[in-house]
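Chemist: So here's entry-v6.csv, just CSV, C-alpha atoms:
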```
chain,number,residue,atom,x,y,z
A,1348,MET,CA,16.0,-11.3,-20.0
A,1349,LEU,CA,17.7,-11.9,-16.7
A,1350,GLY,CA,18.4,-15.5,-15.8
A,1351,GLY,CA,15.5,-16.7,-18.0
A,1352,ALA,CA,13.2,-13.9,-16.7
A,1353,VAL,CA,10.8,-12.4,-19.2
A,1354,PHE,CA,9.5,-8.8,-19.0
A,1355,ASN,CA,6.1,-7.9,-20.2
A,1356,ARG,CA,3.8,-4.8,-20.1
A,1357,VAL,CA,0.2,-5.2,-18.8
A,1358,LYS,CA,-2.5,-2.6,-19.2
A,1359,ARG,CA,-5.4,-2.2,-16.8
A,1360,SER,CA,-7.7,-3.5,-19.5
A,1361,ASP,CA,-5.9,-6.9,-19.6
A,1362,HIS,CA,-8.2,-8.4,-16.9
A,1363,LYS,CA,-6.8,-11.9,-16.8
A,1364,ASP,CA,-3.2,-10.6,-16.3
A,1365,ILE,CA,-4.4,-8.0,-13.8
A,1366,ALA,CA,-6.0,-10.8,-11.8
A,1367,GLN,CA,-2.7,-12.6,-11.7
A,1368,ILE,CA,-0.9,-9.4,-10.6
A,1369,ASN,CA,-3.5,-8.8,-7.9
A,1370,ALA,CA,-3.0,-12.4,-6.6
A,1371,PHE,CA,0.8,-11.9,-6.7
A,1372,LEU,CA,0.7,-8.6,-4.8
A,1373,ARG,CA,-1.5,-10.2,-2.2
A,1374,SER,CA,1.0,-13.0,-1.7
A,1375,ASN,CA,3.6,-10.3,-1.0
A,1376,ASP,CA,1.3,-8.6,1.5
A,1377,LEU,CA,0.4,-5.8,-0.9
A,1378,ASN,CA,-2.9,-4.6,-2.4
A,1379,ILE,CA,-3.3,-3.5,-6.0
A,1380,ASP,CA,-3.5,0.3,-6.5
A,1381,THR,CA,-6.4,1.1,-8.8
A,1382,THR,CA,-4.6,4.2,-10.1
A,1383,VAL,CA,-1.9,2.2,-11.8
A,1384,GLU,CA,-2.3,2.6,-15.6
A,1385,ILE,CA,0.3,0.0,-16.8
A,1386,PHE,CA,2.3,-2.7,-15.1
A,1387,ILE,CA,5.6,-4.3,-15.9
A,1388,THR,CA,5.6,-8.0,-15.0
A,1389,VAL,CA,8.5,-10.4,-14.8
A,1390,THR,CA,7.9,-14.1,-15.3
A,1391,GLN,CA,10.2,-17.1,-15.0
A,1392,ASP,CA,9.1,-20.5,-16.2
A,1393,ASP,CA,5.7,-18.9,-16.9
A,1394,LYS,CA,5.4,-17.9,-13.2
A,1395,LEU,CA,5.0,-14.3,-12.1
A,1396,VAL,CA,8.1,-13.4,-9.9
A,1397,ALA,CA,8.0,-9.6,-9.9
A,1398,CYS,CA,5.9,-6.6,-10.9
A,1399,GLY,CA,5.7,-2.8,-10.7
A,1400,GLY,CA,3.4,-0.2,-12.0
A,1401,ILE,CA,3.1,3.4,-13.2
A,1402,ALA,CA,0.4,5.9,-12.2
A,1403,GLU,CA,1.3,9.0,-14.2
A,1404,ASN,CA,4.6,10.0,-12.7
A,1405,ILE,CA,4.4,7.8,-9.6
A,1406,ILE,CA,5.9,4.3,-9.4
A,1407,LYS,CA,3.7,2.0,-7.4
A,1408,CYS,CA,3.1,-1.7,-6.5
A,1409,VAL,CA,6.7,-2.9,-6.8
A,1410,ALA,CA,6.9,-6.5,-5.5
A,1411,ILE,CA,9.5,-9.2,-6.0
A,1412,SER,CA,9.2,-12.9,-5.0
A,1413,PRO,CA,11.4,-13.6,-2.0
A,1414,LYS,CA,13.3,-16.3,-3.9
A,1415,MET,CA,14.4,-13.7,-6.5
A,1416,ARG,CA,15.6,-11.1,-4.1
A,1417,GLY,CA,19.3,-10.5,-4.2
A,1418,GLU,CA,19.6,-11.6,-7.8
A,1419,GLY,CA,19.8,-8.2,-9.4
A,1420,LEU,CA,16.2,-8.4,-10.6
A,1421,ALA,CA,15.0,-5.5,-8.4
A,1422,LEU,CA,17.4,-3.0,-10.0
A,1423,THR,CA,16.5,-4.2,-13.5
A,1424,LEU,CA,12.8,-3.9,-12.8
A,1425,ALA,CA,13.2,-0.4,-11.3
A,1426,THR,CA,15.2,0.7,-14.3
A,1427,GLU,CA,12.4,-0.7,-16.6
A,1428,LEU,CA,9.8,1.2,-14.7
A,1429,VAL,CA,11.8,4.5,-15.0
A,1430,ASN,CA,12.2,3.9,-18.8
A,1431,LEU,CA,8.5,3.2,-19.1
A,1432,ALA,CA,7.6,6.4,-17.4
A,1433,TYR,CA,10.0,8.3,-19.6
A,1434,GLU,CA,8.4,6.7,-22.7
A,1435,ARG,CA,5.0,8.0,-21.4
A,1436,HIS,CA,6.6,11.5,-21.1
A,1437,TYR,CA,6.8,11.6,-17.3
A,1438,THR,CA,10.3,12.7,-16.3
A,1439,GLN,CA,9.7,14.1,-12.8
A,1440,LEU,CA,9.2,10.8,-11.0
A,1441,PHE,CA,8.2,9.9,-7.4
A,1442,ILE,CA,7.9,6.7,-5.5
A,1443,TYR,CA,6.4,5.9,-2.1
A,1444,THR,CA,8.1,2.8,-0.8
A,1445,LYS,CA,8.8,0.8,2.3
A,1446,LEU,CA,12.0,2.0,4.0
A,1447,GLN,CA,13.8,-1.3,3.2
A,1448,ASN,CA,13.5,-0.5,-0.5
A,1449,GLU,CA,15.2,2.9,-0.2
A,1450,PRO,CA,18.7,1.6,-1.1
A,1451,LEU,CA,17.3,-0.1,-4.2
A,1452,PHE,CA,15.8,3.1,-5.6
A,1453,ARG,CA,18.8,5.2,-4.6
A,1454,GLN,CA,20.7,3.0,-7.1
A,1455,CYS,CA,18.2,4.1,-9.7
A,1456,GLY,CA,18.8,7.8,-9.1
A,1457,PHE,CA,16.0,8.5,-6.5
A,1458,TYR,CA,16.5,10.6,-3.5
A,1459,PRO,CA,14.5,10.8,-0.3
A,1460,ILE,CA,12.5,14.0,0.5
A,1461,ALA,CA,10.3,12.9,3.4
A,1462,ARG,CA,9.8,9.7,5.5
A,1463,VAL,CA,7.7,8.2,8.2
A,1464,PRO,CA,10.1,6.3,10.4
A,1465,GLY,CA,9.6,2.6,10.1
A,1466,ILE,CA,6.9,2.8,7.5
A,1467,VAL,CA,7.3,4.7,4.3
A,1468,VAL,CA,9.7,7.0,2.4
A,1469,LEU,CA,8.8,9.4,-0.4
A,1470,MET,CA,11.6,9.7,-3.0
A,1471,GLU,CA,12.0,11.6,-6.3
A,1472,ASN,CA,14.4,11.2,-9.2
A,1473,SER,CA,16.4,14.4,-8.5
A,1474,PRO,CA,18.6,15.6,-5.7
A,1475,CYS,CA,17.7,19.2,-6.1
A,1476,ARG,CA,14.2,19.6,-7.8
A,1477,LEU,CA,12.4,20.3,-4.5
A,1478,LYS,CA,15.1,22.8,-3.5
A,1479,ARG,CA,14.8,24.5,-6.9
A,1480,TYR,CA,11.0,24.8,-6.3
A,1481,ALA,CA,11.6,26.3,-2.9
A,1482,ALA,CA,14.0,28.8,-4.4
A,1483,GLN,CA,11.3,29.7,-6.9
A,1484,LEU,CA,8.9,30.3,-4.1
A,1485,ALA,CA,11.4,32.4,-2.3
A,1486,GLY,CA,11.3,34.8,-5.2
A,1487,GLN,CA,7.6,35.5,-4.4
A,1488,ARG,CA,8.2,36.2,-0.7
A,1489,ARG,CA,6.5,39.3,0.7
A,1490,PRO,CA,7.5,41.3,3.8
A,1491,GLY,CA,5.5,41.1,7.0
A,1492,LYS,CA,5.5,39.7,10.5
A,1493,ARG,CA,2.3,37.6,9.9
A,1494,ILE,CA,2.5,35.6,6.7
A,1495,GLY,CA,-0.4,33.2,6.2
A,1496,SER,CA,-1.1,30.2,4.1
A,1497,ILE,CA,-4.0,28.1,3.0
A,1498,VAL,CA,-4.0,24.7,1.2
A,1499,MET,CA,-7.3,23.8,-0.5
A,1500,ASN,CA,-8.8,21.5,-3.1
A,1501,ALA,CA,-11.9,23.7,-3.9
A,1502,ASN,CA,-13.9,20.9,-5.4
A,1503,PRO,CA,-15.7,23.2,-6.3
A,1504,PHE,CA,-14.9,26.7,-4.9
A,1505,THR,CA,-17.7,27.6,-2.5
A,1506,ARG,CA,-18.7,30.6,-0.5
A,1507,GLY,CA,-17.2,28.8,2.4
A,1508,HIS,CA,-13.8,28.7,0.7
A,1509,GLN,CA,-14.2,32.4,-0.2
A,1510,TYR,CA,-15.1,33.3,3.4
A,1511,LEU,CA,-12.0,31.4,4.7
A,1512,VAL,CA,-9.7,33.2,2.3
A,1513,ARG,CA,-11.1,36.6,3.2
A,1514,GLN,CA,-11.0,36.0,6.9
A,1515,ALA,CA,-7.4,34.7,6.7
A,1516,ALA,CA,-6.2,37.6,4.5
A,1517,ALA,CA,-7.7,40.1,7.0
A,1518,LYS,CA,-5.5,38.6,9.7
A,1519,CYS,CA,-2.3,38.6,7.8
A,1520,ASP,CA,0.2,41.0,6.1
A,1521,TRP,CA,0.2,38.5,3.2
A,1522,LEU,CA,-1.5,35.3,2.4
A,1523,HIS,CA,-0.3,32.4,0.2
A,1524,LEU,CA,-2.9,30.0,-1.2
A,1525,PHE,CA,-1.9,26.6,-2.6
A,1526,LEU,CA,-4.3,24.6,-4.7
A,1527,VAL,CA,-4.0,20.8,-4.9
A,1528,LYS,CA,-3.0,20.2,-8.4
A,1529,GLU,CA,-3.9,16.5,-9.2
A,1530,ASP,CA,-6.9,16.0,-11.4
A,1531,THR,CA,-8.4,13.4,-9.0
A,1532,SER,CA,-11.3,15.6,-8.1
A,1533,ARG,CA,-14.7,15.9,-9.9
A,1534,PHE,CA,-13.6,19.2,-11.2
A,1535,SER,CA,-10.4,19.7,-13.1
A,1536,TYR,CA,-7.4,21.6,-11.7
A,1537,GLU,CA,-7.6,24.3,-14.4
A,1538,ASP,CA,-11.3,24.9,-13.7
A,1539,ARG,CA,-10.8,24.9,-9.9
A,1540,ARG,CA,-7.9,27.4,-10.2
A,1541,ARG,CA,-9.9,29.7,-12.5
A,1542,LEU,CA,-12.8,29.8,-10.0
A,1543,VAL,CA,-10.5,30.4,-7.1
A,1544,LEU,CA,-8.8,33.3,-8.9
A,1545,ALA,CA,-12.2,34.8,-9.9
A,1546,GLY,CA,-13.6,34.4,-6.4
A,1547,THR,CA,-10.6,36.1,-4.7
A,1548,ALA,CA,-9.8,38.7,-7.2
A,1549,ASP,CA,-10.7,41.5,-4.8
A,1550,ILE,CA,-8.2,40.4,-2.1
A,1551,ALA,CA,-5.1,42.6,-2.5
A,1552,ASN,CA,-2.7,40.8,-0.2
A,1553,LEU,CA,-3.2,37.3,-1.7
A,1554,LYS,CA,-1.0,35.2,-3.9
A,1555,VAL,CA,-2.6,32.1,-5.5
A,1556,HIS,CA,0.3,29.8,-6.5
A,1557,GLU,CA,0.4,27.5,-9.4
A,1558,GLY,CA,-0.3,23.9,-8.4
A,1559,SER,CA,2.7,21.8,-7.2
A,1560,GLN,CA,3.4,18.1,-6.9
A,1561,TYR,CA,4.8,19.0,-3.5
A,1562,VAL,CA,1.3,19.8,-2.1
A,1563,ILE,CA,0.3,16.2,-1.9
A,1564,SER,CA,-3.1,15.0,-2.8
A,1565,ARG,CA,-4.6,12.4,-0.5
A,1566,ALA,CA,-5.9,10.6,-3.6
A,1567,THR,CA,-2.4,10.0,-4.9
A,1568,PHE,CA,-1.0,8.8,-1.6
A,1569,PRO,CA,-0.6,5.0,-1.8
A,1570,CYS,CA,-2.3,2.6,0.6
A,1571,TYR,CA,-1.4,-0.6,-1.1
A,1572,PHE,CA,1.4,-1.5,1.4
A,1573,ILE,CA,-0.3,0.1,4.4
A,1574,LYS,CA,-3.2,-2.2,5.4
A,1575,ASP,CA,-4.6,0.0,8.2
A,1576,GLN,CA,-6.4,3.0,6.8
A,1577,GLY,CA,-5.8,4.9,10.0
A,1578,ILE,CA,-2.1,4.4,9.7
A,1579,ALA,CA,-2.2,5.3,6.0
A,1580,ASP,CA,-4.0,8.6,6.9
A,1581,ASP,CA,-1.4,9.4,9.5
A,1582,CYS,CA,1.5,8.7,7.1
A,1583,TYR,CA,-0.1,10.9,4.4
A,1584,THR,CA,-0.5,13.7,7.0
A,1585,GLU,CA,3.0,13.4,8.3
A,1586,ILE,CA,4.7,13.4,4.8
A,1587,ASP,CA,2.6,16.2,3.4
A,1588,LEU,CA,3.1,18.5,6.4
A,1589,LYS,CA,6.8,17.7,6.7
A,1590,ILE,CA,7.4,18.9,3.1
A,1591,PHE,CA,5.3,22.0,3.7
A,1592,ARG,CA,7.0,23.0,6.9
A,1593,GLN,CA,10.5,22.1,6.0
A,1594,TYR,CA,10.6,23.4,2.4
A,1595,LEU,CA,7.7,25.5,1.3
A,1596,ALA,CA,6.9,27.5,4.4
A,1597,PRO,CA,10.5,28.7,5.1
A,1598,ALA,CA,10.9,29.8,1.4
A,1599,LEU,CA,7.9,32.2,1.8
A,1600,GLY,CA,8.4,33.1,5.5
A,1601,ILE,CA,5.0,31.5,6.4
A,1602,THR,CA,4.1,31.9,10.1
A,1603,HIS,CA,0.5,30.8,10.1
A,1604,ARG,CA,-1.7,28.2,8.3
A,1605,PHE,CA,-5.5,28.7,8.2
A,1606,VAL,CA,-8.1,26.0,8.0
A,1607,GLY,CA,-11.9,25.9,8.5
A,1608,ASN,CA,-13.1,24.0,11.5
A,1609,GLU,CA,-14.6,20.6,10.8
A,1610,PRO,CA,-18.0,19.9,12.5
A,1611,PHE,CA,-19.0,16.9,10.4
A,1612,CYS,CA,-16.1,14.7,9.1
A,1613,ALA,CA,-14.1,12.9,11.8
A,1614,VAL,CA,-11.3,12.2,9.3
A,1615,THR,CA,-10.9,15.9,8.5
A,1616,ALA,CA,-11.2,16.9,12.1
A,1617,LYS,CA,-8.4,14.5,13.0
A,1618,TYR,CA,-6.3,15.8,10.1
A,1619,ASN,CA,-6.7,19.3,11.6
A,1620,ARG,CA,-5.5,18.0,15.0
A,1621,ASP,CA,-2.6,16.2,13.4
A,1622,MET,CA,-1.8,19.3,11.3
A,1623,ARG,CA,-1.4,21.3,14.5
A,1624,TYR,CA,1.1,18.8,15.9
A,1625,TRP,CA,3.3,18.6,12.8
A,1626,LEU,CA,3.2,22.3,12.1
A,1627,GLU,CA,4.0,23.3,15.7
A,1628,THR,CA,6.1,20.4,17.1
A,1629,PRO,CA,9.7,21.2,18.1
A,1630,GLU,CA,10.7,17.7,16.8
A,1631,LEU,CA,11.3,19.3,13.4
A,1632,PRO,CA,14.2,21.7,12.8
A,1633,SER,CA,12.2,24.2,10.8
A,1634,PRO,CA,10.5,27.2,12.4
A,1635,PRO,CA,7.0,26.3,13.8
A,1636,ILE,CA,3.8,27.4,12.0
A,1637,ALA,CA,0.8,28.4,14.1
A,1638,LEU,CA,-2.4,26.7,13.0
A,1639,VAL,CA,-5.5,28.9,13.0
A,1640,GLU,CA,-9.0,27.3,12.8
A,1641,ILE,CA,-11.7,29.6,11.5
A,1642,GLU,CA,-15.3,28.8,12.1
A,1643,ARG,CA,-17.0,27.9,8.9
A,1644,LEU,CA,-19.5,30.1,7.0
A,1645,GLN,CA,-23.0,28.8,7.5
A,1646,TYR,CA,-26.1,28.8,5.4
A,1647,GLN,CA,-29.5,28.2,7.1
A,1648,GLY,CA,-27.6,26.8,10.1
A,1649,THR,CA,-25.4,24.4,8.3
A,1650,ALA,CA,-21.7,24.8,7.5
A,1651,ILE,CA,-21.0,25.3,3.8
A,1652,SER,CA,-18.8,22.6,2.3
A,1653,ALA,CA,-17.9,21.4,-1.2
A,1654,SER,CA,-19.2,18.0,-0.4
A,1655,TRP,CA,-22.6,19.5,0.3
A,1656,VAL,CA,-22.5,21.2,-3.1
A,1657,ARG,CA,-21.5,18.0,-4.8
A,1658,LYS,CA,-24.2,16.0,-3.1
A,1659,LEU,CA,-26.9,18.5,-4.2
A,1660,LEU,CA,-25.5,18.5,-7.8
A,1661,ALA,CA,-25.6,14.7,-7.9
A,1662,ALA,CA,-29.2,14.8,-6.8
A,1663,GLY,CA,-30.0,17.3,-9.6
A,1664,ASP,CA,-30.9,20.0,-7.0
A,1665,PHE,CA,-29.2,22.9,-8.7
A,1666,HIS,CA,-31.3,25.6,-7.2
A,1667,ALA,CA,-30.5,24.4,-3.7
A,1668,ALA,CA,-26.7,24.5,-4.5
A,1669,ALA,CA,-26.9,28.0,-5.9
A,1670,PRO,CA,-26.7,30.0,-2.6
A,1671,LEU,CA,-23.7,28.0,-1.5
A,1672,VAL,CA,-21.3,29.1,-4.3
A,1673,PRO,CA,-20.0,32.5,-5.6
A,1674,PRO,CA,-21.3,33.9,-8.9
A,1675,ASP,CA,-18.5,32.6,-11.0
A,1676,THR,CA,-18.8,29.1,-9.6
A,1677,LEU,CA,-22.5,29.3,-10.2
A,1678,TYR,CA,-22.1,30.3,-13.9
A,1679,TYR,CA,-19.6,27.5,-14.3
A,1680,LEU,CA,-21.9,24.9,-12.8
A,1681,GLN,CA,-24.7,26.2,-14.9
A,1682,ASP,CA,-22.6,25.7,-18.1
A,1683,LEU,CA,-21.8,22.1,-17.0
A,1684,GLN,CA,-25.5,21.4,-16.4
A,1685,THR,CA,-26.4,22.9,-19.8
A,1686,GLN,CA,-23.8,20.8,-21.5
A,1687,ARG,CA,-25.0,17.6,-19.9
A,1688,ARG,CA,-28.6,18.3,-20.9
A,1689,ALA,CA,-27.5,19.3,-24.4
A,1690,LYS,CA,-30.1,22.0,-24.5
A,1691,PRO,CA,-29.9,25.8,-25.2
A,1692,ALA,CA,-28.5,27.7,-22.3
A,1693,ALA,CA,-30.9,28.5,-19.6
A,1694,LYS,CA,-31.6,32.0,-18.3
A,1695,PRO,CA,-28.7,33.3,-16.2
A,1696,PHE,CA,-28.9,32.3,-12.6
A,1697,GLY,CA,-28.2,35.9,-11.8
A,1698,LEU,CA,-32.0,36.3,-12.2
A,1699,LEU,CA,-32.6,34.1,-9.2
A,1700,PRO,CA,-33.5,35.8,-5.9
A,1701,LYS,CA,-30.4,36.9,-4.1
A,1702,PRO,CA,-29.6,34.3,-1.4
A,1703,VAL,CA,-29.4,35.3,2.3
A,1704,ILE,CA,-26.2,34.2,3.8
A,1705,ARG,CA,-25.7,34.2,7.5
A,1706,GLU,CA,-22.0,34.5,8.4
A,1707,SER,CA,-20.7,32.9,11.5
A,1708,VAL,CA,-18.2,35.2,13.1
A,1709,PRO,CA,-15.0,33.4,14.2
A,1710,LYS,CA,-14.4,33.5,17.9
A,1711,GLY,CA,-11.9,36.0,18.9
A,1712,SER,CA,-12.1,38.0,15.7
```
Here is a file; write its structure as structure tokens.

Modeler:
Amino acid sequence: MLGGAVFNRVKRSDHKDIAQINAFLRSNDLNIDTTVEIFITVTQDDKLVACGGIAENIIKCVAISPKMRGEGLALTLATELVNLAYERHYTQLFIYTKLQNEPLFRQCGFYPIARVPGIVVLMENSPCRLKRYAAQLAGQRRPGKRIGSIVMNANPFTRGHQYLVRQAAAKCDWLHLFLVKEDTSRFSYEDRRRLVLAGTADIANLKVHEGSQYVISRATFPCYFIKDQGIADDCYTEIDLKIFRQYLAPALGITHRFVGNEPFCAVTAKYNRDMRYWLETPELPSPPIALVEIERLQYQGTAISASWVRKLLAAGDFHAAAPLVPPDTLYYLQDLQTQRRAKPAAKPFGLLPKPVIRESVPKGS
């Protein structure tokens, strides 16, 4: 206890206590983050005065009542959160926090790795882990003047993804593919990676890297202290791309990054525009990276996307989804469907009529 303060642990299933935490966070101009698995709360005279949470290896939702600030409670709470994470076998920790909280977490052994001036800083509990990861990547560097890169979620891996990888590889001496690692997608990371490897096995100048926490998932980026979703999206983009450009790309000598064009989703289209800025701007000290947009592969006049496949699967229209994915993805989806129905395996979808795919040729290729 600290000056009569009592520390407790609250699980997401403790609805009454979660409601109190939610109200306390709102009183401190924060929202609750639904990914938090367990909170540490601090009460004094039966009144909530501080809290913080753990979402796997990310510390979130740290708030302290104004009257308790400067009393040493913040450092104690942060230490308790780190200890809780260690108990849950998470030792490589991250925290996104407001800039004014950076000194507090420095005292707890956290170091900044990227920041958005005036809004947010991303910190981790090691002064050299990111540098060690970059050094590991450097060991996989390949010679060439044009070294490409792709970052994808592949949820699931479609013919559109496959087409993008093949087009990019044809334009490069070597191509590095990074897969978003977090299991925040409908399909697990291990399954997504297996399908990417199977669907690109014939590409000789390609390296599919193991997933990394430094290729940030939008799903893990916190919005609980950024009220405006547009600003939150901008912060996510800036932090993600600063890490990529300043640490990952130099290690591999990456000169280009390839993306599919975005004809449907305004958020993704804006992300592509913002990506171009952060990869090419002279504001950053690292070498610039040229962004190359490739026109998406189309089927029956519509650009193929993972969201289209997911929508068809949700509607139970498996046959309509079949022409949109490579064979290995198709067999994988078939297995999932068979498991859900708990029936004997259906005939292989290889017996279906071969789909006719119309490929859109990228401009200038």

Chemist: Stretch 1506-1518 of chain A: which residues within 9 Å, counting only C-alpha atoms, same-chain residues fewer than 5 positions away excluded, as a ChimeraX atom specification?

Modeler: /A:1493,1495-1497,1499,1501,1523-1524,1543,1546-1547,1550-1553,1604-1607,1639,1641-1645,1650-1653,1670-1673,1706,1709,1712

Chemist: For A:Pro1450, which of A:Pro1490, A:Ala1637, A:Val1468, A:Leu1484 is the closest residue, counting all atoms listed in the file?

Modeler: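 Closest residue, counting all atoms listed in the file: A:Val1468.
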
Chemist: Expressed in Å to a single decimal, how great is the separation between atom CA of A:Lys1492 and atom CA of A:Cys1519?

Modeler: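 Separation between atom CA of A:Lys1492 and atom CA of A:Cys1519: 8.3 Å.
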
Chemist: Residues around (9.3, 26.7, 11.9), cut-off 10 Å, counting only C-alpha atoms - what are they as JSON, numbers by chain?

Modeler: {"A": [1592, 1593, 1596, 1597, 1600, 1601, 1602, 1603, 1626, 1627, 1628, 1629, 1631, 1632, 1633, 1634, 1635, 1636, 1637]}

Chemist: Please determine, counting only C-alpha atoms, which residue among A:Ser1412, A:Leu1372, A:Lys1617, A:Cys1612 has the shortest atom-to-atom distance to A:Asp1580.

Modeler: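 Distance minimum relative to A:Asp1580 lands on A:Lys1617.
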
Chemist: I need the residue nearest A:Glu1529 from this list: A:Asn1404, A:Thr1505, A:Thr1615, A:Gln1576. Use only C-alpha atoms for the distance.

Modeler: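 Once distances to A:Glu1529 are computed over only C-alpha atoms, the minimum belongs to A:Asn1404.
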
Chemist: For A:Ala1482, which of A:Ile1385, A:Val1656, A:Leu1599, A:Ile1466 is the closest residue, counting all atoms listed in the file?

Modeler: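 Looking at the shortest contact to A:Ala1482, the residue is A:Leu1599.
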
Chemist: Just the number, please: distance in Å from atom CA of A:Leu1469 to atom CA of A:Arg1539, one decimal.

Modeler: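 These atoms are spaced 26.7 Å apart.
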
Chemist: Quick one: distance from atom CA of A:Asp1621 to atom CA of A:Tyr1561 in Å, one decimal?

Modeler: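 Between atom CA of A:Asp1621 and atom CA of A:Tyr1561 the gap works out to 18.7 Å.
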
Chemist: Which residue gives the smallest distance to A:Ser1535 among A:Pro1503, A:Phe1452, A:Ile1494, A:Gln1439, with only C-alpha atoms counted?

Modeler: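 Going through A:Pro1503, A:Phe1452, A:Ile1494, A:Gln1439 one by one, the smallest distance to A:Ser1535 is for A:Pro1503.
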
Chemist: For A:Ser1564, which of A:Leu1428, A:Trp1655, A:Gln1454, A:Lys1528 is the closest residue, counting all atoms listed in the file?

Modeler: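 Closest to A:Ser1564 of all the choices is A:Lys1528.
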
Chemist: Can you tell me which residues surround A:Asp1392 at a distance of at most 10 Å, considering only C-alpha atoms, apart from same-chain residues fewer than 3 positions away, and format the answer as a list in words?

Modeler: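 The residues that qualify are Gly1351, Ala1352, Val1353, Leu1395 and Val1396 of chain A.
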
Chemist: What lies within 12 Å of A:Val1357 using all atoms listed in the file, ignoring chain neighbours under 5 positions off, as a PyMOL selection string?

Modeler: chain A and resi 1362-1368+1383-1389+1398-1401+1431
